[in-house]
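Student: Next comes query_5.txt, compact mmCIF, C-alpha atoms:
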```txt
# COMPACT_ATOMS: atom_id res chain seq x y z
CA MET A 137 -46.97 25.91 14.02
CA MET A 138 -49.44 23.60 15.65
CA ASN A 139 -52.46 25.10 17.32
CA PRO A 140 -51.88 24.78 21.15
CA ALA A 141 -55.41 23.45 21.68
CA MET A 142 -54.85 20.70 19.12
CA ARG A 143 -51.52 19.89 20.74
CA VAL A 144 -53.25 19.20 24.06
CA THR A 145 -55.73 16.91 22.36
CA ALA A 146 -52.96 15.04 20.58
CA ASP A 147 -51.11 14.58 23.89
CA GLU A 148 -54.26 13.30 25.55
CA GLN A 149 -54.81 10.85 22.75
CA ARG A 150 -51.26 9.57 23.07
CA VAL A 151 -51.76 9.04 26.80
CA VAL A 152 -54.99 7.12 26.20
CA ARG A 153 -53.26 5.01 23.53
CA ALA A 154 -50.33 4.35 25.86
CA TRP A 155 -52.66 3.01 28.58
CA GLU A 156 -54.15 0.65 25.96
CA VAL A 157 -50.68 -0.50 24.95
CA LEU A 158 -49.67 -1.04 28.58
CA GLN A 159 -52.68 -3.34 29.03
CA GLY A 160 -50.77 -5.70 26.79
CA VAL A 161 -47.45 -5.58 28.67
CA LEU A 162 -47.33 -8.68 30.84
CA ASP A 163 -45.50 -9.28 34.10
CA PRO A 164 -42.64 -11.64 33.13
CA GLU A 165 -43.01 -13.64 36.37
CA VAL A 166 -46.81 -13.77 36.42
CA PRO A 167 -47.71 -13.60 32.72
CA ALA A 168 -51.42 -13.84 33.49
CA LEU A 169 -51.33 -10.19 34.53
CA SER A 170 -50.55 -7.01 32.67
CA VAL A 171 -48.60 -4.28 34.39
CA CYS A 172 -51.91 -2.38 34.61
CA ASP A 173 -53.75 -5.30 36.28
CA LEU A 174 -50.90 -5.47 38.78
CA GLY A 175 -51.40 -1.80 39.63
CA ILE A 176 -47.77 -0.80 39.16
CA VAL A 177 -48.40 1.80 36.44
CA ARG A 178 -49.13 4.87 38.53
CA ASP A 179 -49.26 7.50 35.78
CA VAL A 180 -48.65 8.22 32.11
CA ILE A 181 -47.61 11.78 31.36
CA ALA A 182 -47.12 13.41 27.97
CA ALA A 183 -43.72 15.05 28.21
CA HIS A 184 -42.23 17.03 25.31
CA GLU A 185 -42.34 14.74 22.29
CA GLY A 186 -42.43 11.48 24.26
CA LEU A 187 -44.14 9.89 27.22
CA GLU A 188 -43.15 9.49 30.82
CA ILE A 189 -44.46 6.33 32.50
CA VAL A 190 -44.45 6.27 36.27
CA LEU A 191 -43.97 2.78 37.71
CA THR A 192 -43.88 1.67 41.31
CA PRO A 193 -41.79 -1.38 42.27
CA THR A 194 -43.54 -4.36 43.92
CA TYR A 195 -40.79 -5.76 46.14
CA SER A 196 -37.46 -4.01 46.87
CA GLY A 197 -35.53 -6.94 45.49
CA CYS A 198 -37.84 -8.04 42.70
CA PRO A 199 -35.57 -8.98 39.79
CA ALA A 200 -38.45 -8.48 37.35
CA THR A 201 -38.48 -4.72 37.92
CA GLU A 202 -35.80 -3.96 35.35
CA VAL A 203 -37.31 -6.34 32.78
CA ILE A 204 -40.69 -4.67 33.25
CA GLU A 205 -39.16 -1.22 32.77
CA GLN A 206 -37.62 -2.30 29.50
CA SER A 207 -40.81 -4.04 28.28
CA VAL A 208 -42.81 -0.89 28.98
CA ILE A 209 -40.36 1.28 27.06
CA ASP A 210 -40.22 -1.16 24.16
CA ALA A 211 -44.02 -1.47 23.93
CA VAL A 212 -44.63 2.29 23.96
CA ASP A 213 -41.83 2.94 21.47
CA HIS A 214 -43.01 0.15 19.22
CA ALA A 215 -46.53 1.64 19.16
CA GLY A 216 -44.98 4.86 17.86
CA LEU A 217 -45.85 6.79 21.02
CA GLY A 218 -42.29 7.23 22.25
CA PRO A 219 -39.67 8.03 23.07
CA ALA A 220 -40.78 6.54 26.37
CA ARG A 221 -39.08 7.19 29.66
CA VAL A 222 -39.74 5.31 32.92
CA THR A 223 -39.65 6.98 36.31
CA LEU A 224 -39.71 4.85 39.46
CA GLN A 225 -41.89 6.13 42.25
CA ARG A 226 -41.54 4.41 45.62
CA ALA A 227 -44.13 6.33 47.63
CA PRO A 228 -46.82 5.38 48.29
CA ALA A 229 -45.53 1.83 48.53
CA TRP A 230 -47.18 -0.71 46.23
CA THR A 231 -49.76 -2.93 47.83
CA THR A 232 -51.58 -5.99 46.53
CA ASP A 233 -54.77 -3.98 47.16
CA TRP A 234 -53.93 -2.25 43.86
CA ILE A 235 -54.39 -5.46 41.86
CA SER A 236 -57.62 -4.89 39.92
CA ASP A 237 -60.66 -7.13 40.33
CA ASP A 238 -60.12 -8.22 36.76
CA GLY A 239 -56.50 -9.00 37.68
CA LYS A 240 -57.64 -11.12 40.63
CA ARG A 241 -59.97 -13.08 38.36
CA LYS A 242 -57.12 -13.63 35.86
CA LEU A 243 -54.84 -14.83 38.65
CA ARG A 244 -57.42 -17.39 39.79
CA GLU A 245 -57.90 -18.65 36.23
CA TYR A 246 -54.13 -18.95 35.89
CA GLY A 247 -54.03 -21.16 39.01
CA ILE A 248 -52.70 -18.60 41.50
CA ALA A 249 -54.87 -17.76 44.51
CA PRO A 250 -55.26 -13.96 44.55
CA PRO A 251 -54.34 -11.99 47.69
CA SER A 252 -57.21 -12.15 50.14
CA GLY A 253 -58.88 -9.12 51.68
CA HIS A 254 -56.86 -6.05 52.46
CA ALA A 255 -53.15 -5.99 53.06
CA ALA A 256 -53.59 -4.21 56.39
CA VAL A 257 -51.40 -6.57 58.38
CA ASN A 258 -49.79 -3.97 60.65
CA GLN A 259 -51.25 -5.38 63.80
CA GLU A 260 -50.34 -9.00 63.26
CA ARG A 261 -48.33 -10.61 65.98
CA PRO A 262 -44.69 -11.15 65.11
CA ILE A 263 -44.92 -14.75 66.28
CA ARG A 264 -47.79 -16.77 64.89
CA LEU A 265 -47.10 -20.44 64.36
CA VAL A 266 -50.67 -21.47 63.51
CA PRO A 267 -53.28 -21.00 62.20
CA ARG A 268 -53.37 -18.72 59.22
CA GLN A 269 -56.31 -17.44 57.27
CA ALA A 270 -57.92 -20.11 55.07
CA ILE A 271 -56.93 -19.58 51.45
CA GLU A 272 -59.31 -20.72 48.75
CA CYS A 273 -58.01 -23.26 46.21
CA PRO A 274 -58.06 -21.57 42.78
CA ARG A 275 -58.88 -24.92 41.16
CA CYS A 276 -61.76 -26.40 43.17
CA GLY A 277 -62.65 -23.51 45.48
CA SER A 278 -62.19 -25.50 48.69
CA LYS A 279 -60.97 -23.63 51.76
CA ASP A 280 -59.46 -26.84 53.11
CA THR A 281 -55.90 -25.89 52.18
CA GLU A 282 -52.55 -25.77 53.92
CA ARG A 283 -49.41 -23.75 53.47
CA LEU A 284 -46.37 -25.66 52.30
CA SER A 285 -43.88 -22.83 52.11
CA ALA A 286 -43.92 -19.20 53.28
CA PHE A 287 -41.84 -18.19 50.30
CA GLY A 288 -42.29 -19.25 46.70
CA SER A 289 -40.84 -19.14 43.23
CA THR A 290 -41.02 -15.35 43.18
CA ALA A 291 -40.89 -12.70 45.89
CA CYS A 292 -44.65 -12.13 45.70
CA LYS A 293 -45.92 -15.69 46.21
CA SER A 294 -46.07 -18.50 48.75
CA LEU A 295 -46.85 -22.16 48.15
CA TYR A 296 -50.04 -23.96 49.24
CA ARG A 297 -51.71 -27.33 48.80
CA CYS A 298 -55.41 -28.11 48.55
CA ILE A 299 -56.43 -30.95 50.87
CA ALA A 300 -59.68 -31.46 48.97
CA CYS A 301 -58.39 -31.83 45.40
CA ARG A 302 -54.74 -32.49 46.30
CA GLU A 303 -53.40 -29.88 43.87
CA PRO A 304 -50.53 -27.63 44.94
CA PHE A 305 -51.01 -23.96 44.08
CA GLU A 306 -49.38 -20.61 44.58
CA TYR A 307 -50.83 -17.82 46.67
CA PHE A 308 -50.16 -14.17 45.93
CA LYS A 309 -49.14 -12.84 49.37
CA PRO A 310 -51.06 -9.79 50.60
CA LEU A 311 -48.53 -6.95 51.00
CA MET B 251 -7.46 -3.72 39.60
CA THR B 252 -10.07 -1.01 39.97
CA PRO B 253 -9.04 1.64 42.48
CA SER B 254 -11.10 1.88 45.65
CA ILE B 255 -13.49 4.72 46.27
CA LYS B 256 -14.03 6.84 49.35
CA VAL B 257 -17.38 7.98 50.64
CA GLU B 258 -18.47 11.32 52.04
CA GLN B 259 -18.05 11.49 55.82
CA ALA B 260 -21.11 13.71 56.45
CA PRO B 261 -23.23 12.20 59.24
CA SER B 262 -26.36 11.98 57.07
CA VAL B 263 -24.46 9.92 54.50
CA GLN B 264 -22.84 7.75 57.16
CA TYR B 265 -26.20 7.17 58.85
CA MET B 266 -27.73 5.82 55.65
CA LEU B 267 -24.60 3.88 54.81
CA ARG B 268 -24.80 1.99 58.12
CA LEU B 269 -28.25 0.77 57.20
CA ALA B 270 -27.34 0.10 53.56
CA ASP B 271 -24.29 -1.97 54.56
CA THR B 272 -26.15 -3.85 57.30
CA THR B 273 -28.79 -5.00 54.80
CA LEU B 274 -26.16 -5.64 52.11
CA ILE B 275 -23.90 -7.84 54.23
CA LEU B 276 -26.77 -9.78 55.82
CA GLY B 277 -28.16 -10.35 52.32
CA GLN B 278 -24.77 -11.62 51.16
CA ARG B 279 -24.49 -13.97 54.15
CA LEU B 280 -27.97 -15.40 53.57
CA GLY B 281 -27.14 -15.88 49.91
CA GLU B 282 -24.52 -18.42 50.99
CA TRP B 283 -27.38 -20.75 51.91
CA CYS B 284 -28.67 -20.90 48.36
CA GLY B 285 -28.63 -24.57 47.38
CA HIS B 286 -27.52 -25.70 50.86
CA ALA B 287 -30.43 -25.18 53.28
CA PRO B 288 -31.75 -28.21 55.19
CA VAL B 289 -35.03 -28.30 53.24
CA LEU B 290 -36.10 -26.80 49.93
CA GLU B 291 -38.72 -24.50 51.46
CA GLU B 292 -36.13 -22.87 53.69
CA ASP B 293 -33.61 -22.64 50.88
CA ILE B 294 -36.20 -20.60 49.00
CA ALA B 295 -37.05 -18.60 52.12
CA LEU B 296 -33.44 -17.64 52.85
CA SER B 297 -32.79 -16.70 49.22
CA ASN B 298 -35.99 -14.64 49.12
CA ILE B 299 -35.06 -12.80 52.31
CA ALA B 300 -31.58 -12.20 50.91
CA LEU B 301 -33.12 -10.78 47.74
CA ASP B 302 -35.33 -8.36 49.69
CA LEU B 303 -32.37 -7.22 51.81
CA ILE B 304 -30.17 -6.62 48.79
CA GLY B 305 -33.02 -4.77 47.09
CA GLN B 306 -33.34 -2.53 50.14
CA SER B 307 -29.59 -2.00 50.15
CA ARG B 308 -29.57 -1.07 46.46
CA ALA B 309 -32.18 1.62 47.05
CA LEU B 310 -30.25 2.97 50.04
CA LEU B 311 -26.89 2.93 48.25
CA THR B 312 -28.43 4.75 45.31
CA ARG B 313 -29.61 7.42 47.76
CA VAL B 314 -26.17 7.55 49.38
CA GLY B 315 -24.71 8.08 45.91
CA GLN B 316 -27.06 10.99 45.29
CA LEU B 317 -26.37 12.64 48.64
CA GLY B 318 -22.63 12.08 48.64
CA GLY B 319 -22.16 14.60 45.86
CA GLN B 320 -19.64 12.42 44.00
CA GLY B 321 -22.19 10.85 41.65
CA LEU B 322 -21.31 7.34 42.80
CA HIS B 323 -23.38 4.43 41.48
CA GLU B 324 -24.85 1.75 43.78
CA ASP B 325 -22.47 -0.85 42.32
CA GLN B 326 -19.41 1.28 42.96
CA LEU B 327 -20.55 1.76 46.52
CA ALA B 328 -21.30 -1.92 47.04
CA PHE B 329 -18.14 -3.31 45.48
CA LEU B 330 -15.34 -0.77 45.44
CA ARG B 331 -14.93 0.31 49.03
CA GLU B 332 -12.26 -0.98 51.36
CA GLU B 333 -13.10 -2.84 54.54
CA ARG B 334 -12.76 0.17 56.85
CA ASP B 335 -15.29 2.06 54.75
CA TYR B 336 -18.08 -0.48 55.27
CA ARG B 337 -20.40 0.60 58.07
CA ASN B 338 -22.51 -2.47 58.82
CA ALA B 339 -23.04 -3.66 62.37
CA THR B 340 -20.63 -6.54 63.06
CA ILE B 341 -23.40 -9.05 63.86
CA VAL B 342 -24.37 -9.43 60.18
CA GLU B 343 -20.85 -10.24 58.96
CA LEU B 344 -20.43 -13.20 61.35
CA PRO B 345 -20.43 -16.49 59.42
CA ASN B 346 -23.73 -18.41 59.41
CA GLY B 347 -22.75 -20.39 62.50
CA PRO B 348 -20.48 -23.40 63.01
CA GLY B 349 -19.83 -25.83 60.16
CA ARG B 350 -20.31 -25.43 56.43
CA PRO B 351 -22.42 -23.92 55.01
CA GLY B 352 -23.44 -22.90 58.54
CA ASP B 353 -25.92 -23.65 61.27
CA PHE B 354 -29.62 -23.23 60.57
CA ALA B 355 -30.48 -22.34 64.19
CA PHE B 356 -27.83 -19.60 64.22
CA THR B 357 -29.12 -18.29 60.90
CA VAL B 358 -32.79 -18.08 61.88
CA LEU B 359 -32.02 -16.59 65.29
CA ARG B 360 -29.90 -13.83 63.74
CA ASN B 361 -32.62 -13.29 61.14
CA ALA B 362 -35.24 -12.96 63.87
CA MET B 363 -33.07 -10.46 65.76
CA MET B 364 -32.24 -8.45 62.67
CA ALA B 365 -35.70 -8.52 61.10
CA THR B 366 -37.16 -7.25 64.38
CA TRP B 367 -34.54 -4.51 64.56
CA LEU B 368 -35.00 -3.57 60.92
CA ARG B 369 -38.80 -3.53 61.21
CA LEU B 370 -38.57 -1.14 64.17
CA MET B 371 -36.06 0.97 62.25
CA TRP B 372 -38.11 1.09 59.01
CA GLU B 373 -41.28 1.97 60.94
CA ARG B 374 -39.54 5.07 62.27
CA LEU B 375 -37.82 5.91 59.00
CA ARG B 376 -41.22 6.21 57.29
CA GLU B 377 -41.28 9.63 59.00
CA SER B 378 -37.79 10.59 57.80
CA SER B 379 -37.14 14.17 56.72
CA ASP B 380 -35.52 12.65 53.62
CA SER B 381 -38.49 11.80 51.42
CA GLU B 382 -36.60 9.15 49.46
CA LEU B 383 -35.51 7.37 52.66
CA ALA B 384 -39.11 7.55 53.90
CA ALA B 385 -40.31 5.97 50.64
CA ILE B 386 -37.73 3.16 50.84
CA ALA B 387 -38.81 2.52 54.43
CA GLY B 388 -42.50 2.42 53.47
CA LYS B 389 -41.75 -0.47 51.16
CA ALA B 390 -39.14 -2.24 53.30
CA VAL B 391 -41.21 -2.28 56.49
CA LYS B 392 -43.69 -4.68 54.89
CA GLU B 393 -40.90 -7.01 53.81
CA ALA B 394 -39.22 -6.90 57.22
CA ARG B 395 -42.51 -7.80 58.89
CA TYR B 396 -42.81 -10.96 56.81
CA HIS B 397 -39.16 -11.88 57.47
CA GLN B 398 -39.72 -11.37 61.17
CA GLN B 399 -42.79 -13.59 61.27
CA HIS B 400 -41.05 -16.36 59.39
CA SER B 401 -37.82 -16.23 61.40
CA CYS B 402 -39.62 -15.98 64.75
CA ASP B 403 -41.77 -18.99 63.85
CA TRP B 404 -38.57 -20.95 63.36
CA VAL B 405 -36.99 -19.74 66.59
CA VAL B 406 -40.06 -20.98 68.49
CA ARG B 407 -40.07 -24.25 66.60
CA LEU B 408 -36.39 -24.92 67.31
CA GLY B 409 -36.30 -23.57 70.86
CA ASP B 410 -39.35 -25.55 71.88
CA GLY B 411 -38.46 -28.51 69.67
CA THR B 412 -36.04 -31.37 70.25
CA ASP B 413 -33.10 -31.43 72.65
CA GLU B 414 -30.76 -31.01 69.72
CA SER B 415 -32.61 -28.07 68.17
CA ALA B 416 -32.82 -26.34 71.57
CA ARG B 417 -29.12 -26.96 72.24
CA ARG B 418 -28.13 -25.44 68.90
CA LEU B 419 -30.39 -22.44 69.37
CA ARG B 420 -29.00 -21.74 72.82
CA ALA B 421 -25.45 -22.01 71.51
CA ALA B 422 -26.37 -19.52 68.78
CA LEU B 423 -27.85 -17.16 71.36
CA ASP B 424 -24.65 -17.36 73.43
CA THR B 425 -22.60 -16.30 70.42
CA LEU B 426 -24.94 -13.67 69.01
CA TRP B 427 -26.17 -11.83 72.08
CA ARG B 428 -23.04 -9.81 72.79
CA TYR B 429 -23.07 -8.48 69.22
CA THR B 430 -26.58 -7.06 69.58
CA ALA B 431 -25.31 -4.29 71.91
CA GLU B 432 -23.88 -2.42 68.92
CA LEU B 433 -27.39 -2.13 67.45
CA PHE B 434 -28.46 0.04 70.38
CA GLU B 435 -25.50 2.31 70.87
CA SER B 436 -25.70 5.92 69.80
CA ASP B 437 -22.91 8.23 68.71
CA GLU B 438 -22.44 11.53 66.86
CA VAL B 439 -23.75 10.03 63.58
CA ASP B 440 -27.20 9.02 64.77
CA ALA B 441 -27.44 11.96 67.18
CA ALA B 442 -27.09 14.25 64.14
CA ALA B 443 -29.66 12.19 62.21
CA ALA B 444 -32.14 12.39 65.07
CA ALA B 445 -31.55 16.14 65.42
CA ASN B 446 -32.45 16.86 61.79
CA GLY B 447 -35.26 14.33 61.54
CA LEU B 448 -33.44 11.94 59.20
CA GLY B 449 -34.01 8.95 61.48
CA PRO B 450 -33.99 7.67 65.04
CA ARG B 451 -31.06 7.32 67.38
CA TRP B 452 -30.16 3.65 67.50
CA ASP B 453 -30.53 3.52 71.28
CA ALA B 454 -34.21 4.50 70.90
CA LEU B 455 -34.86 1.04 69.44
CA ARG B 456 -33.53 -0.84 72.45
CA GLU B 457 -36.65 -0.95 74.64
CA PRO B 458 -39.13 -1.99 71.95
CA TRP B 459 -36.66 -4.55 70.55
CA LEU B 460 -36.03 -6.09 73.97
CA ALA B 461 -39.76 -6.34 74.60
CA GLU B 462 -40.25 -8.27 71.36
CA MET B 463 -37.23 -10.49 72.09
CA GLN B 464 -38.61 -11.22 75.55
CA ALA B 465 -41.93 -12.33 74.07
CA LEU B 466 -40.11 -14.46 71.52
CA PHE B 467 -37.76 -16.05 74.05
CA ASP B 468 -40.65 -16.84 76.39
CA GLU B 469 -42.42 -18.66 73.61
CA ALA B 470 -39.23 -20.41 72.47
CA LYS B 471 -38.24 -21.34 76.05
CA LEU B 472 -34.98 -19.45 75.73
CA PRO B 473 -33.37 -17.63 78.65
CA MET B 474 -32.92 -13.86 78.33
CA PRO B 475 -29.12 -13.52 78.37
CA ALA B 476 -27.27 -11.11 80.65
CA ASP B 477 -25.75 -7.97 79.11
CA SER B 478 -22.11 -8.16 78.19
CA ALA B 479 -19.41 -5.48 78.37
CA PHE B 480 -18.23 -6.48 74.89
CA ARG B 481 -18.87 -3.93 72.13
CA SER B 482 -18.43 -4.61 68.44
CA THR B 483 -17.59 -1.65 66.22
CA GLY B 484 -18.49 -2.55 62.63
CA LYS B 485 -20.62 0.55 62.15
CA ARG B 486 -17.50 2.64 62.74
CA GLY B 487 -15.60 0.63 60.14
CA VAL B 488 -13.65 -1.56 62.55
CA HIS B 489 -14.77 -5.07 61.68
CA SER B 490 -14.29 -8.64 62.81
CA GLU B 491 -11.80 -10.99 61.14
CA HIS B 492 -14.66 -12.36 59.02
CA MET B 493 -15.27 -9.17 57.06
CA GLY B 494 -12.27 -9.46 54.76
CA TYR B 495 -13.37 -12.88 53.54
CA ILE B 496 -16.91 -11.88 52.73
CA LEU B 497 -15.67 -8.79 50.88
CA THR B 498 -13.28 -10.93 48.88
CA ASP B 499 -16.21 -13.02 47.70
CA MET B 500 -18.37 -10.00 47.01
CA GLN B 501 -15.79 -7.84 45.30
CA TYR B 502 -13.87 -10.36 43.22
CA LEU B 503 -15.81 -9.84 40.02
CA GLN B 504 -15.88 -6.04 40.05
CA ARG B 505 -12.20 -5.85 40.94
CA ALA B 506 -11.12 -8.35 38.30
CA TYR B 507 -13.51 -7.19 35.58
CA PRO B 508 -14.13 -3.49 36.26
CA GLY B 509 -17.62 -2.37 35.31
CA GLY B 510 -18.69 -5.94 34.55
CA ALA B 511 -22.46 -6.26 34.15
CA TRP B 512 -24.99 -8.97 33.37
```
Starting from the file, lay out its structure as structure tokens.
Tutor:
Amino acid sequence: MMNPAMRVTADEQRVVRAWEVLQGVLDPEVPALSVCDLGIVRDVIAAHEGLEIVLTPTYSGCPATEVIEQSVIDAVDHAGLGPARVTLQRAPAWTTDWISDDGKRKLREYGIAPPSGHAAVNQERPIRLVPRQAIECPRCGSKDTERLSAFGSTACKSLYRCIACREPFEYFKPL
Amino acid sequence: MTPSIKVEQAPSVQYMLRLADTTLILGQRLGEWCGHAPVLEEDIALSNIALDLIGQSRALLTRVGQLGGQGLHEDQLAFLREERDYRNATIVELPNGPGRPGDFAFTVLRNAMMATWLRLMWERLRESSDSELAAIAGKAVKEARYHQQHSCDWVVRLGDGTDESARRLRAALDTLWRYTAELFESDEVDAAAAANGLGPRWDALREPWLAEMQALFDEAKLPMPADSAFRSTGKRGVHSEHMGYILTDMQYLQRAYPGGAW
């Protein structure tokens, strides 16, 4: 029989290890970011012999959600910390405010403008043709940019162009 | 052929099903634009909006499956019901306007109307007595807000644009307006939901929705249409002639290859 006190320590160690492993699990659509940078791992809980990982979905229809779930399970199992189980938690709803500062830096380096400021957009007018907040070009830093498309290659991004350096770039929409 | 399934008639289940089917069928309609929109940016926009709507519907159908007590899966609910058992408002099953693959003005006007309605609905559902429905709403309200902004921008651009864009938008308004009445009619289903805190009566959304439409129409130089005596009845399961066709498209695969998955 294992000493109960030692058991707790072993569980804690597994949780710490799991967080380290999850740092290496990348978002399939934005592979510059790990699931931790993105802020979608809400909790890791030692449960019985395995681990329960609590994830929160980004967008309701994000097709990457299921791939991410599987990658998380595979990574934790592969590290010998499993069997892993994923629980989806919808509340509180994910917000881009949960992307870490390190994650925002990685996004910029990857060529995606990180979400600006806070996602508190409740009071925005439903109709707003022009102008929008100036978004900084991740390449040259100019704020002389324009939006090309409200929606982009994935649910979480829109498409911009830098007037100064002429490069198109993606912008991670604040949500 | 896979046999059809029947869903629990309890008002709480029916209430959620109305919302699940309204987002599902609008998502399916918008999906028809994929590869056909007038410009690439709007092709992506319509597909993205469709994806959000179907994601919202999946979450709602999963909840319906849990509450219905029959252990039904979201896919069974989406694909194995018969026409009379779909509870979407009729407005979302109408084809995307005249011509093929449809009319862009009609599509963005309906999107503006529906995104506004859905945003008002999700805002209220965040306070639902069903914690799962409240959680779905907390996520969906942000998506609906973005859809609303985008669609309303287009309504203004077309309404206050060229003679042709204004003509098409007005024609779309003439067709769509009478179908909006169903979105603000209450019956025993939503009365029960309001009584137990599940969600608002649909008629409670009418005033705030009209106020937002008035602001939009003013900006887009559109006339506020007169009310019509016509009432569509999709949320009670009695659909337009268009519903059968869209279900045929949607259900073909699951009926022909039962349980088929990616």
Student: Nearest residue to chain A out of B:Gln504, B:Ser415, B:Ser297, B:Gln306, using only C-alpha atoms?
Tutor: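 Closest residue, counting only C-alpha atoms: B:Gln306.
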Student: Of the candidates B:Ala506, B:Val342, B:Val439, B:Ala394, which shows the shortest atom-to-atom distance to chain A, using only C-alpha atoms?
Tutor: B:Ala394
Student: Starting from chain B, keep only residues with some atom at most 7 Å from an atom of chain A, counting only C-alpha atoms, and report them as a list in words.
Tutor: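 That gives the following set of residues: Glu291, Ile294, Ala295, Asn298, Leu301, Asp302, Ile304, Gly305, Gln306, Ala385, Ile386, Gly388, Lys389, Ala390, Lys392, Gln398, Gln399, Cys402 and Asp403 of chain B.
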Student: Please return as a ChimeraX atom specification every residue within 12 Å of (-57.3, -13.9, 35.7), taking into account all atoms listed in the file and the file's own coordinates.
Tutor: /A:166-170,173-174,235-250,274
Student: Rounded to one decimal place, report the atom CA of A:Glu303-atom CA of A:Asp280 distance in Å.
Tutor: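 For atom CA of A:Glu303 relative to atom CA of A:Asp280, the distance reads 11.5 Å.
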Student: Which residue is closest to B:Cys284? Choose from B:Ala300, B:Arg505, B:Arg418, B:Val488 and count only C-alpha atoms.
Tutor: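 Ranking B:Ala300, B:Arg505, B:Arg418, B:Val488 by distance to B:Cys284, first place goes to B:Ala300.
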Student: Between atom CA of B:Leu269 and atom CA of B:Phe480, what is the distance in Å, rounded to a tenth?
Tutor: 21.6 Å
Student: Skipping near chain neighbours, those fewer than 6 positions away, what residues fall within 10 Å of A:Glu156 using all atoms listed in the file, listed as a ChimeraX atom specification?
Tutor: /A:150,172,212
Student: Rounded to one decimal place, report the atom CA of B:Ile255-atom CA of B:Ser490 distance in Å.
Tutor: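 Separation between atom CA of B:Ile255 and atom CA of B:Ser490: 21.3 Å.
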Student: Which residue gives the smallest distance to B:Asp468 among B:Leu327, B:Leu303, B:Val314, B:Val405, with all atoms listed in the file counted?
Tutor: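 Checking each candidate against B:Asp468, we get B:Val405 as the closest.
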Student: Starting from the point (-40.0, 10.0, 37.2), work out which residues of protein, DNA or RNA have an atom no more than 12 Å away when counting all atoms listed in the file; state them as a CSV table (one decimal) with C-alpha atoms, in the frame of the given file.
Tutor:
```csv
chain,number,residue,atom,x,y,z
A,177,VAL,CA,-48.4,1.8,36.4
A,178,ARG,CA,-49.1,4.9,38.5
A,179,ASP,CA,-49.3,7.5,35.8
A,180,VAL,CA,-48.6,8.2,32.1
A,181,ILE,CA,-47.6,11.8,31.4
A,183,ALA,CA,-43.7,15.0,28.2
A,187,LEU,CA,-44.1,9.9,27.2
A,188,GLU,CA,-43.2,9.5,30.8
A,189,ILE,CA,-44.5,6.3,32.5
A,190,VAL,CA,-44.4,6.3,36.3
A,191,LEU,CA,-44.0,2.8,37.7
A,192,THR,CA,-43.9,1.7,41.3
A,220,ALA,CA,-40.8,6.5,26.4
A,221,ARG,CA,-39.1,7.2,29.7
A,222,VAL,CA,-39.7,5.3,32.9
A,223,THR,CA,-39.6,7.0,36.3
A,224,LEU,CA,-39.7,4.8,39.5
A,225,GLN,CA,-41.9,6.1,42.2
A,226,ARG,CA,-41.5,4.4,45.6
A,227,ALA,CA,-44.1,6.3,47.6
```
Student: With distances taken over all atoms listed in the file, which residue among A:Lys293, A:Ala200, A:Gly218, A:Pro304 lies nearest A:Arg275?
Tutor: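 Checking each candidate against A:Arg275, we get A:Pro304 as the closest.
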Student: Counting only C-alpha atoms, which of B:Leu330, B:Ala442, B:Ala476, B:Ala362 gets nearest to B:Glu462?
Tutor: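 Among the listed residues, B:Ala362 lies closest to B:Glu462.
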